[in-house]
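A.B. asks: My structure is below; once you've seen it, I'll send some questions.
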Amino acid sequence: MLLKDQHPLNKSISIALVGPPNVGKSTLINTLLGMDLSIVSPRPQTTRNQFQCVTLVDRTEIIFLDTPGLHKSMQEMNLRMNHETYMAQDGADLNWIVLDGTKGKESVLHQLASLRDVYKNLSQESWIVVTKLDQLKTNAKKVEAEFPNLMLEAQKICPVVKRAYFVSALEEAGTNELLSVVSEFAPSGNHLYPDGSVSNKNVRFFVAEYIREQVFTLLQEELPYEIAVTIEEFVDLEPSEGTSDIVARISAVIHVNRMGQRAIVIGQGGLMIREIGMKARQKIETLMGGKVMLKLHAKVSPKWFKNHMMLEELGLSRAPNSIRAWREDT
Ligand SMILES: Nc1nc2c(ncn2[C@@H]2O[C@H](COP(=O)(O)OP(=O)(O)O)[C@@H](O)[C@H]2O)c(=O)[nH]1
Ligand SMILES: [Mg+2]
């Protein structure tokens, strides 16, 4: 879709956030957007799909591409998740290599070095964004002192790195400055999204994500990695006068790998699944701007993470090195 008759001073830039899992990429995007769109949890590999989030700063459209981060496992789902990250990086004008600043400079350089193989083909301009600075227990003025010569040493590892910025997404420190720098840097160009758009994914996608976010937050151990959420029914309702102010009726399935996991998701007397539903519903209602009816079921779908059809349904498209399906025609 081409948006016509645009202002001649419009600018547009797309930024792929790449980096190790759990460094705070999704949190940073949410802070910069000013809304909790991308799901966040204290566990690595919460984000599974790449998707775009959009914000406007004056006449500059900034498109953030959130990515799952890269991991080395050869599981079909992980191959597809890595592919999502490569695709995002490929289409972006700028890469932010997001690194966790909690443990200071040596750790930041170590994280960068661990990505060396992955990012050796990086051609677009790349910046380092060191985040979680609130954990450093240092005040902003001392940041430079904590990371002396970071750029010089970073460039030895990853020569395409041009700049470094320091932020705390949680405390919103340095984040507005980062937005101004980006809008300064952005090239002139037409906006790709109509005003008011926030993402290229639809509400259904975020509803499933918000449910998964609660599973990641409320359930322990490895369980969340063996869980997926699909939407079974999504009906928009016209809030009828006086009788009901419900804007949607949604029914979703929480897929688990094994029978025992189903019992954990449901919890004693259904308490756990009710809590997952209640917390997810609050975020869904904020997103949709009205009340929703949310029904959740838990279902055993053995080895869903190897099932090509299921992975397609979850929006993870086939990777070039995908494991061949046993009944592939070509
Ligand atoms: N203290 C602190 N924690 C953060 C910050 N940004 C993210 N986190 C936490 O780090 C964890 C991982 O964040 P997430 O955004 O999911 O990381 P991602 O996997 O890189 O997308 C979550 O528990 C966040 O609350 C920050 O600026 N400061
Ligand atoms: Mg994430």
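Residue names in the structure tokens use chain letters A, B, ... in the order shown, residue numbers from 1 in each chain, and ligand numbers from 1 in the order shown.
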Taking only C-alpha atoms and all ligand atoms into account, produce a table as a tab-separated table in which each residue of chain A with an atom at most 10 Å from an atom of ligand 2 appears once, together with its shortest atom pair and the distance in Å to one decimal, ordered by chain and rising number.

C.D. replies:
residue	atom	partner	partner_atom_place_in_ligand_line	distance
A:Leu17	CA	ligand 2	1 (Mg)	9.4
A:Val18	CA	ligand 2	1 (Mg)	9.7
A:Gly19	CA	ligand 2	1 (Mg)	9.8
A:Pro20	CA	ligand 2	1 (Mg)	9.7
A:Pro21	CA	ligand 2	1 (Mg)	7.0
A:Asn22	CA	ligand 2	1 (Mg)	6.6
A:Val23	CA	ligand 2	1 (Mg)	8.2
A:Gly24	CA	ligand 2	1 (Mg)	6.7
A:Lys25	CA	ligand 2	1 (Mg)	5.4
A:Ser26	CA	ligand 2	1 (Mg)	4.2
A:Thr27	CA	ligand 2	1 (Mg)	7.3
A:Leu28	CA	ligand 2	1 (Mg)	9.3
A:Ile29	CA	ligand 2	1 (Mg)	9.1
A:Ser38	CA	ligand 2	1 (Mg)	7.1
A:Ile39	CA	ligand 2	1 (Mg)	6.7
A:Val40	CA	ligand 2	1 (Mg)	6.0
A:Ser41	CA	ligand 2	1 (Mg)	8.1
A:Pro42	CA	ligand 2	1 (Mg)	10.0
A:Arg43	CA	ligand 2	1 (Mg)	9.4
A:Pro44	CA	ligand 2	1 (Mg)	7.9
A:Gln45	CA	ligand 2	1 (Mg)	6.7
A:Thr46	CA	ligand 2	1 (Mg)	5.6
A:Thr47	CA	ligand 2	1 (Mg)	4.2
A:Arg48	CA	ligand 2	1 (Mg)	7.7
A:Asn49	CA	ligand 2	1 (Mg)	9.1
A:Gln50	CA	ligand 2	1 (Mg)	9.3
A:Asp66	CA	ligand 2	1 (Mg)	6.8
A:Thr67	CA	ligand 2	1 (Mg)	6.6
A:Pro68	CA	ligand 2	1 (Mg)	5.8
A:Gly69	CA	ligand 2	1 (Mg)	7.4

A.B. asks: Do a neighbour search on A:Arg80 at 8 Å with only C-alpha atoms, toss out local chain neighbours closer than 5 positions, and write the hits as a compact mmCIF listing (two decimals) with N, CA and C atoms, in the first residue's frame.

C.D. replies:
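As written to disk, out_37.txt reads:
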# COMPACT_ATOMS: atom_id res chain seq x y z
N LEU A 316 5.50 -18.47 12.19
CA LEU A 316 6.93 -18.71 11.98
C LEU A 316 7.12 -19.40 10.64
N SER A 317 7.58 -18.64 9.65
CA SER A 317 7.66 -19.24 8.32
C SER A 317 8.91 -20.10 8.21
N ARG A 318 8.89 -20.94 7.21
CA ARG A 318 9.96 -21.91 6.97
C ARG A 318 11.31 -21.22 6.77
N ALA A 319 12.34 -21.77 7.37
CA ALA A 319 13.69 -21.21 7.22
C ALA A 319 14.42 -21.98 6.12
N SER A 322 15.39 -25.28 7.29
CA SER A 322 14.33 -26.00 7.99
C SER A 322 14.48 -27.51 7.80

A.B. asks: Figure out the distance between atom CA of A:Met288 and atom CA of A:Val247, please, to one decimal in Å.

C.D. replies: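 Interatomic distance, atom CA of A:Val247 to atom CA of A:Met288: 7.8 Å.
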
A.B. asks: What gap, in Å, lies between atom CA of A:Phe185 and atom CA of A:Tyr165?

C.D. replies: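 Atom CA of A:Tyr165 lies 13.9 Å from atom CA of A:Phe185.
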
A.B. asks: Nearest to A:Gly189: which of A:Ile62, A:Leu70, A:Ile227, A:Leu32 is it, counting only C-alpha atoms?

C.D. replies: A:Ile62
